[in-house]
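As structure tokens, the structure follows; a few thoughts come after it.
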Amino acid sequence: MITAIVLYDLPPSIGLEECRAHFTKIAPDFMRLSGFLRKQFICSVDGRVAGGVYMWKDRASAERFYTGPWRAGIIERYGNVPRIEYFETVALADVASGYAGVLNVSDATPAEAAVH
């Protein structure tokens with residue numbers, strides 16, 4: 001499982017509340033992405049940087065998404081190239097599901113993998 005941390009600078013005309021409204025609107029669109037498991041939409045308290053913490057089944061799924069229309073949309077909307085770092089997700093502690101431990105998502109559906 002891959003965790004990708006994506007950050008981009010926001011123009012002065014977009015702040016925390018604008019991000020909240022936009023992210024809430026687009027969140028359901030992610031549920032249909034191949035290999036996607038979960039996303040936490042993030043915005044700095046000062047409203048200068050936004051992005052997301054994504055979980056993907058594999059790096060190929062993440063890279064396919066980040067090199068497609070999404071990238072062009074980020075550049076057009078925010079005026080800069082997103083910064084993306086990839087990490088191997090080796091364990092999870094999740095209060096909502098009550099699960100803490102090793103992740104093994106090779107046979108899991110996206111919903112199951114997002115929980116454990």
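Ordering of the structure tokens sets the chain letters (A, B, ...), residue numbers begin anew at 1 in every chain, and ligands are numbered from 1 in the order given.
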
Non-local contacts of region 63-77 of chain A (12 Å; only C-alpha atoms; under 5 positions in same chain excluded) as number ranges by chain: A: 2-11, 13-14, 19, 22, 26, 29-30, 32-36, 50-52, 54, 56-58, 82-86

Would you kindly return, as a list in words, each protein, DNA or RNA residue with an atom no farther than 7 Å from any atom of Leu16 (chain A), considering only C-alpha atoms and excluding same-chain residues fewer than 3 positions away? Cys19, Arg20, Cys43, Val45 and Gly47 of chain A

Take the residues just selected and output them with N, CA and C atoms as a short mmCIF file (atom, residue, chain, number, x, y, z; two decimals), in the first residue's frame.
data_model
loop_
_atom_site.label_atom_id
_atom_site.label_comp_id
_atom_site.auth_asym_id
_atom_site.auth_seq_id
_atom_site.Cartn_x
_atom_site.Cartn_y
_atom_site.Cartn_z
N CYS A 19 -11.05 26.34 0.42
CA CYS A 19 -10.59 24.95 0.28
C CYS A 19 -11.63 23.99 0.85
N ARG A 20 -12.14 24.30 2.02
CA ARG A 20 -13.14 23.43 2.65
C ARG A 20 -14.34 23.23 1.73
N CYS A 43 -5.39 21.54 4.46
CA CYS A 43 -5.11 22.94 4.16
C CYS A 43 -4.45 23.54 5.41
N VAL A 45 -3.45 26.06 8.31
CA VAL A 45 -4.31 26.97 9.07
C VAL A 45 -4.26 28.38 8.50
N GLY A 47 -3.94 29.07 5.42
CA GLY A 47 -4.53 29.05 4.09
C GLY A 47 -3.54 29.24 2.95
#

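Remark: for Thr89 (chain A), the closest of the candidate residues A:Ala21, A:Met55, A:Ala60, A:Val49 is A:Met55 (distances computed over only C-alpha atoms).
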
As a PDB file with C-alpha atoms, in the first residue's frame, please: every residue in region 54-111 of chain A that a backbone DSSP assignment puts in alpha helix (DSSP H).
ATOM      1  CA  ARG A  59       2.174   3.210  -6.765  1.00  0.00           C
ATOM      2  CA  ALA A  60       1.113   2.627 -10.375  1.00  0.00           C
ATOM      3  CA  SER A  61      -2.457   3.671  -9.518  1.00  0.00           C
ATOM      4  CA  ALA A  62      -1.198   6.811  -7.780  1.00  0.00           C
ATOM      5  CA  GLU A  63       1.121   7.785 -10.611  1.00  0.00           C
ATOM      6  CA  ARG A  64      -1.596   7.188 -13.196  1.00  0.00           C
ATOM      7  CA  PHE A  65      -3.851   9.627 -11.343  1.00  0.00           C
ATOM      8  CA  TYR A  66      -1.202  12.286 -10.665  1.00  0.00           C
ATOM      9  CA  PRO A  69      -5.996  15.534 -15.924  1.00  0.00           C
ATOM     10  CA  TRP A  70      -5.728  16.030 -12.152  1.00  0.00           C
ATOM     11  CA  ARG A  71      -2.212  17.516 -12.531  1.00  0.00           C
ATOM     12  CA  ALA A  72      -3.310  19.942 -15.246  1.00  0.00           C
ATOM     13  CA  GLY A  73      -6.258  20.985 -13.088  1.00  0.00           C
ATOM     14  CA  ILE A  74      -4.032  21.727 -10.091  1.00  0.00           C
ATOM     15  CA  ILE A  75      -1.663  23.814 -12.216  1.00  0.00           C
ATOM     16  CA  GLU A  76      -4.560  25.711 -13.799  1.00  0.00           C
ATOM     17  CA  ARG A  77      -6.457  26.254 -10.537  1.00  0.00           C
ATOM     18  CA  TYR A  78      -3.553  27.102  -8.229  1.00  0.00           C
ATOM     19  CA  PRO A 110     -10.810  -0.702  -1.460  1.00  0.00           C
ATOM     20  CA  ALA A 111     -13.343  -0.383   1.386  1.00  0.00           C
TER      21      ALA A 111
END

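Taking only C-alpha atoms into account, Val102 (chain A) lies nearest to A:Glu88 out of the set A:Glu88, A:Arg48, A:Ala27, A:Glu17.
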
Among region 16-108 of chain A, which residues carry a DSSP assignment of strand (DSSP E), reported as a ChimeraX atom specification? /A:36-43,49-56,83-88,91-94,99-102

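Going from CA of Gly15 (chain A) over to CA of Ser44 (chain A), you cover 8.8 Å.
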
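The spacing separating CA of Ala91 (chain A) from CA of Arg38 (chain A) amounts to 14.9 Å.
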